[in-house]
Amino acid sequence: MAEQISPSPDIGLFEAMYSARSLRRFKPEPVPDEVIARVIDAAIRASSGGNTQHWSFIVVRDAEKRRQLGALYRKASDYTAAVYAGRPRPDHLTQAQYDRFLAGSGFLWDHMADAPVILVPCLTKREPPERASLPDVVQARYADHLANVQRISGSSIYPAIQNIILACRALGLGTVITTNHILYENEVKAVLGMPDNAATFALMPIGYPTGKYGPLTRKPVAEVTYADSWGTAWPGK
Ligand SMILES: Cc1cc2nc3c(=O)[nH]c(=O)nc-3n(C[C@H](O)[C@H](O)[C@H](O)COP(=O)(O)O)c2cc1C
């Protein structure tokens with residue numbers, strides 16, 4: 001399908017957002033380095049807290065490293081499968097939709113390594129300043145400050161990850177954000193030779209997809225939007 005292998009990024013933004021579904025099955029053909037570079041160049045247009053840009057992106061093409069990452073993803077997914085088994089199906093999904101989701105994500109458990117590229121978005125951790133070095137107003141809320149830093153830890157990389165998803169869509173590639181591997185992150189970091197002060201936030205298999213893009217189905221706006229206060233129905237559709 002020409003549409004799926006076209007290198008043309010001339011796709012409308014909304015068309016990309018509405019069709020960039022999670023794709024987990026890839027053709028074996030390699031993705032040229034310049035195409036991956038273009039994806040990452042789009043990723044780094046994203047915002048980061050304080051414009052720190054303390055991100056790094058590891059492009060894993062080496063077959064042995066992909067095999068090792070795939071094995072760790074498989075191990076982590078066994079655990080995640082047990083978590084899913086204990087959870088009911090979300091109300092908004094039909095049994096058929098839920099079964100499709102389980103089949104798609106289950107396929108990837110065994111096939112992460114088959115993607116020609118596994119992209120690993122990372123952040124370098126920044127140590128919080130010593131309490132005593134901070135102004136009184138911050139010292140007074142130091143525990144809150146640390147909790148806040150922890151809570152927003154991924155927020156300076158996930159916007160870049162969404163750009164990766166959209167750039168892949170525009171360039172005829174498929175991908176999906178996955179996070180299961182974080183259960184075994186130290187082992188993942190060892191495979192990738194990462195320092196202690198860096199953390200991974202996703203494993204993103206990337207390749208030319210065998211399946212089709214979107215359309216994406218979601219709960220309607222009216223169901224997830226409130227007007228001015230929690231629980232007050234949004235008047236639009
Ligand atoms: C934080 C996060 C973690 C995810 N982890 C996984 C994962 O480990 N494996 C996987 O196959 N998909 C993963 N996904 C993809 C979702 O399952 C997928 O986006 C969702 O089912 C909707 O599918 P769609 O994008 O095709 O509409 C993850 C998505 C997010 C946002």
# chains A, B, ... in the order shown; residues from 1 in each chain; ligands from 1
>>> closest_atom_pairs(of="chain A", to="ligand 1", cutoff="9 Å", atoms="only C-alpha atoms and all ligand atoms", output="JSON lines")
{"residue": "A:Ser19", "atom": "CA", "partner": "ligand 1", "partner_atom_place_in_ligand_line": "27 (O)", "distance": 8.5}
{"residue": "A:Ala20", "atom": "CA", "partner": "ligand 1", "partner_atom_place_in_ligand_line": "25 (O)", "distance": 6.9}
{"residue": "A:Arg21", "atom": "CA", "partner": "ligand 1", "partner_atom_place_in_ligand_line": "26 (O)", "distance": 3.8}
{"residue": "A:Ser22", "atom": "CA", "partner": "ligand 1", "partner_atom_place_in_ligand_line": "26 (O)", "distance": 3.8}
{"residue": "A:Leu23", "atom": "CA", "partner": "ligand 1", "partner_atom_place_in_ligand_line": "26 (O)", "distance": 6.8}
{"residue": "A:Arg24", "atom": "CA", "partner": "ligand 1", "partner_atom_place_in_ligand_line": "11 (O)", "distance": 7.0}
{"residue": "A:Tyr73", "atom": "CA", "partner": "ligand 1", "partner_atom_place_in_ligand_line": "8 (O)", "distance": 8.2}
{"residue": "A:Ala76", "atom": "CA", "partner": "ligand 1", "partner_atom_place_in_ligand_line": "8 (O)", "distance": 8.8}
{"residue": "A:Ser77", "atom": "CA", "partner": "ligand 1", "partner_atom_place_in_ligand_line": "8 (O)", "distance": 7.2}
{"residue": "A:Thr80", "atom": "CA", "partner": "ligand 1", "partner_atom_place_in_ligand_line": "8 (O)", "distance": 8.2}
{"residue": "A:Tyr98", "atom": "CA", "partner": "ligand 1", "partner_atom_place_in_ligand_line": "21 (O)", "distance": 8.7}
{"residue": "A:Phe101", "atom": "CA", "partner": "ligand 1", "partner_atom_place_in_ligand_line": "21 (O)", "distance": 5.8}
{"residue": "A:Leu102", "atom": "CA", "partner": "ligand 1", "partner_atom_place_in_ligand_line": "11 (O)", "distance": 8.3}
{"residue": "A:Gly104", "atom": "CA", "partner": "ligand 1", "partner_atom_place_in_ligand_line": "11 (O)", "distance": 6.5}
{"residue": "A:Ser105", "atom": "CA", "partner": "ligand 1", "partner_atom_place_in_ligand_line": "11 (O)", "distance": 3.7}
{"residue": "A:Gly106", "atom": "CA", "partner": "ligand 1", "partner_atom_place_in_ligand_line": "11 (O)", "distance": 7.0}
{"residue": "A:Phe107", "atom": "CA", "partner": "ligand 1", "partner_atom_place_in_ligand_line": "11 (O)", "distance": 8.0}
{"residue": "A:Leu108", "atom": "CA", "partner": "ligand 1", "partner_atom_place_in_ligand_line": "11 (O)", "distance": 6.0}
{"residue": "A:Trp109", "atom": "CA", "partner": "ligand 1", "partner_atom_place_in_ligand_line": "11 (O)", "distance": 7.6}
{"residue": "A:Tyr158", "atom": "CA", "partner": "ligand 1", "partner_atom_place_in_ligand_line": "1 (C)", "distance": 8.8}
{"residue": "A:Val176", "atom": "CA", "partner": "ligand 1", "partner_atom_place_in_ligand_line": "15 (C)", "distance": 5.9}
{"residue": "A:Ile177", "atom": "CA", "partner": "ligand 1", "partner_atom_place_in_ligand_line": "28 (C)", "distance": 5.0}
{"residue": "A:Thr178", "atom": "CA", "partner": "ligand 1", "partner_atom_place_in_ligand_line": "5 (N)", "distance": 3.5}
{"residue": "A:Thr179", "atom": "CA", "partner": "ligand 1", "partner_atom_place_in_ligand_line": "8 (O)", "distance": 4.7}
{"residue": "A:Asn180", "atom": "CA", "partner": "ligand 1", "partner_atom_place_in_ligand_line": "8 (O)", "distance": 4.5}
{"residue": "A:His181", "atom": "CA", "partner": "ligand 1", "partner_atom_place_in_ligand_line": "8 (O)", "distance": 7.5}
{"residue": "A:Ala202", "atom": "CA", "partner": "ligand 1", "partner_atom_place_in_ligand_line": "3 (C)", "distance": 7.8}
{"residue": "A:Leu203", "atom": "CA", "partner": "ligand 1", "partner_atom_place_in_ligand_line": "8 (O)", "distance": 8.2}
{"residue": "A:Tyr213", "atom": "CA", "partner": "ligand 1", "partner_atom_place_in_ligand_line": "26 (O)", "distance": 8.7}
{"residue": "A:Gly214", "atom": "CA", "partner": "ligand 1", "partner_atom_place_in_ligand_line": "26 (O)", "distance": 7.4}
{"residue": "A:Pro215", "atom": "CA", "partner": "ligand 1", "partner_atom_place_in_ligand_line": "27 (O)", "distance": 8.2}
{"residue": "A:Leu216", "atom": "CA", "partner": "ligand 1", "partner_atom_place_in_ligand_line": "27 (O)", "distance": 5.1}
{"residue": "A:Thr217", "atom": "CA", "partner": "ligand 1", "partner_atom_place_in_ligand_line": "27 (O)", "distance": 6.4}
{"residue": "A:Arg218", "atom": "CA", "partner": "ligand 1", "partner_atom_place_in_ligand_line": "27 (O)", "distance": 7.5}
>>> write_last_selection(atoms="N, CA and C atoms", output="short mmCIF file (atom, residue, chain, number, x, y, z; two decimals), in the first residue's frame")
data_model
loop_
_atom_site.label_atom_id
_atom_site.label_comp_id
_atom_site.auth_asym_id
_atom_site.auth_seq_id
_atom_site.Cartn_x
_atom_site.Cartn_y
_atom_site.Cartn_z
N SER A 19 -5.55 9.05 13.06
CA SER A 19 -5.30 7.75 12.43
C SER A 19 -4.06 7.03 12.95
N ALA A 20 -3.30 7.69 13.85
CA ALA A 20 -2.02 7.11 14.31
C ALA A 20 -2.29 6.07 15.39
N ARG A 21 -2.92 4.98 14.98
CA ARG A 21 -3.23 3.97 15.99
C ARG A 21 -1.98 3.17 16.33
N SER A 22 -2.07 2.40 17.39
CA SER A 22 -0.95 1.58 17.82
C SER A 22 -0.73 0.47 16.81
N LEU A 23 0.46 0.40 16.27
CA LEU A 23 0.79 -0.63 15.28
C LEU A 23 1.94 -1.46 15.82
N ARG A 24 1.76 -2.78 15.77
CA ARG A 24 2.69 -3.70 16.46
C ARG A 24 3.28 -4.76 15.54
N TYR A 73 11.09 -7.47 27.56
CA TYR A 73 9.71 -7.03 27.36
C TYR A 73 8.76 -8.21 27.58
N ALA A 76 8.49 -8.92 31.32
CA ALA A 76 7.67 -7.91 31.99
C ALA A 76 6.20 -8.07 31.61
N SER A 77 5.95 -8.49 30.37
CA SER A 77 4.57 -8.62 29.91
C SER A 77 3.87 -9.79 30.59
N THR A 80 2.52 -8.19 33.50
CA THR A 80 1.40 -7.32 33.14
C THR A 80 0.16 -8.13 32.78
N TYR A 98 -12.10 -5.35 23.06
CA TYR A 98 -11.14 -5.72 24.11
C TYR A 98 -10.31 -6.93 23.67
N PHE A 101 -7.69 -5.74 21.35
CA PHE A 101 -6.60 -5.09 22.09
C PHE A 101 -5.69 -6.14 22.73
N LEU A 102 -6.30 -7.15 23.37
CA LEU A 102 -5.48 -8.18 24.03
C LEU A 102 -4.66 -8.97 23.01
N GLY A 104 -3.61 -7.88 20.07
CA GLY A 104 -2.55 -7.02 19.52
C GLY A 104 -1.42 -6.87 20.50
N SER A 105 -1.75 -6.57 21.75
CA SER A 105 -0.66 -6.38 22.71
C SER A 105 0.01 -7.71 23.02
N GLY A 106 -0.78 -8.80 23.02
CA GLY A 106 -0.19 -10.13 23.25
C GLY A 106 0.79 -10.51 22.13
N PHE A 107 0.46 -10.13 20.91
CA PHE A 107 1.36 -10.42 19.79
C PHE A 107 2.73 -9.77 20.03
N LEU A 108 2.69 -8.52 20.52
CA LEU A 108 3.96 -7.80 20.70
C LEU A 108 4.83 -8.42 21.79
N TRP A 109 4.21 -9.08 22.78
CA TRP A 109 5.01 -9.72 23.84
C TRP A 109 6.09 -10.62 23.23
N TYR A 158 7.09 12.58 27.65
CA TYR A 158 5.91 12.05 26.96
C TYR A 158 5.39 12.96 25.84
N VAL A 176 4.22 2.05 18.55
CA VAL A 176 3.32 2.04 19.70
C VAL A 176 4.17 2.38 20.92
N ILE A 177 3.60 3.15 21.83
CA ILE A 177 4.29 3.39 23.10
C ILE A 177 4.07 2.16 23.99
N THR A 178 5.16 1.63 24.54
CA THR A 178 5.02 0.56 25.54
C THR A 178 5.86 0.93 26.77
N THR A 179 5.40 0.47 27.90
CA THR A 179 6.08 0.82 29.15
C THR A 179 6.32 -0.38 30.07
N ASN A 180 5.87 -1.56 29.66
CA ASN A 180 6.00 -2.73 30.55
C ASN A 180 7.42 -2.97 31.02
N HIS A 181 8.39 -2.68 30.18
CA HIS A 181 9.79 -3.01 30.47
C HIS A 181 10.30 -2.34 31.74
N ALA A 202 10.05 4.54 27.70
CA ALA A 202 9.25 3.72 26.78
C ALA A 202 10.19 2.84 25.95
N LEU A 203 9.63 1.75 25.47
CA LEU A 203 10.24 1.01 24.35
C LEU A 203 9.27 1.18 23.20
N TYR A 213 -3.44 2.08 9.12
CA TYR A 213 -3.65 3.12 10.14
C TYR A 213 -5.13 3.21 10.49
N GLY A 214 -5.44 3.99 11.53
CA GLY A 214 -6.75 4.28 12.08
C GLY A 214 -7.95 3.84 11.25
N PRO A 215 -9.10 4.40 11.45
CA PRO A 215 -9.41 5.51 12.37
C PRO A 215 -9.39 5.08 13.84
N LEU A 216 -9.13 6.05 14.70
CA LEU A 216 -9.10 5.80 16.13
C LEU A 216 -10.47 6.02 16.74
N THR A 217 -10.89 5.08 17.55
CA THR A 217 -12.19 5.20 18.22
C THR A 217 -11.94 5.52 19.68
N ARG A 218 -12.62 6.53 20.17
CA ARG A 218 -12.45 6.91 21.58
C ARG A 218 -13.80 7.25 22.20
#
>>> residues_around(residues="Ala160 (chain A)", least_positions_apart="3", cutoff="10 Å", atoms="only C-alpha atoms", output="PyMOL selection string")
chain A and resi 40-48+55+121+155-157+163-166
>>> select_by_dssp(residues="region 7-237 of chain A", states="helix (DSSP H, G or I)", output="JSON, numbers by chain")
{"A": [13, 14, 15, 16, 17, 18, 19, 33, 34, 35, 36, 37, 38, 39, 40, 41, 42, 43, 49, 50, 51, 63, 64, 65, 66, 67, 68, 69, 70, 71, 72, 73, 74, 75, 76, 77, 78, 79, 80, 81, 82, 83, 84, 85, 95, 96, 97, 98, 99, 100, 101, 102, 103, 104, 105, 106, 107, 108, 109, 110, 111, 112, 113, 114, 131, 132, 133, 136, 137, 138, 139, 142, 143, 144, 145, 146, 147, 148, 149, 150, 151, 158, 159, 160, 161, 162, 163, 164, 165, 166, 167, 168, 169, 170, 180, 181, 182, 183, 184, 185, 186, 187, 188, 189, 190, 191, 192, 221, 222, 223, 224]}
>>> closest_residue(among="A:Thr200, A:Ser133, A:Gln150, A:Asn51", to="Val120 (chain A)", atoms="only C-alpha atoms")
A:Thr200
>>> closest_residue(among="A:Gly174, A:Gly207, A:Pro9, A:Gly49", to="Pro30 (chain A)", atoms="only C-alpha atoms")
A:Gly207
>>> select_by_dssp(residues="region 20-229 of chain A", states="strand (DSSP E)", output="ChimeraX atom specification")
/A:55-60,117-124,174-175,198-200,204-207
>>> closest_residue(among="A:Leu123, A:Val149, A:Ala71, A:Met112", to="Pro195 (chain A)", atoms="only C-alpha atoms")
A:Leu123
>>> residues_around(residues="region 126-128 of chain A", least_positions_apart="6", cutoff="9 Å", atoms="only C-alpha atoms", output="list in words")
His54, Leu146, Val149 and Asn197 of chain A
>>> write_last_selection(atoms="N, CA and C atoms", output="PDB file, in the first residue's frame")
ATOM      1  N   HIS A  54      16.466  17.578  28.750  1.00  0.00           N
ATOM      2  CA  HIS A  54      17.401  16.596  29.303  1.00  0.00           C
ATOM      3  C   HIS A  54      17.038  15.185  28.826  1.00  0.00           C
ATOM      4  N   LEU A 146       9.506  17.559  46.512  1.00  0.00           N
ATOM      5  CA  LEU A 146      10.059  16.286  46.029  1.00  0.00           C
ATOM      6  C   LEU A 146       8.960  15.391  45.458  1.00  0.00           C
ATOM      7  N   VAL A 149       8.063  16.657  42.044  1.00  0.00           N
ATOM      8  CA  VAL A 149       9.083  16.286  41.055  1.00  0.00           C
ATOM      9  C   VAL A 149       8.878  14.830  40.624  1.00  0.00           C
ATOM     10  N   ASN A 197      22.262   7.635  36.295  1.00  0.00           N
ATOM     11  CA  ASN A 197      21.403   8.825  36.390  1.00  0.00           C
ATOM     12  C   ASN A 197      20.506   9.039  35.166  1.00  0.00           C
TER      13      ASN A 197
END
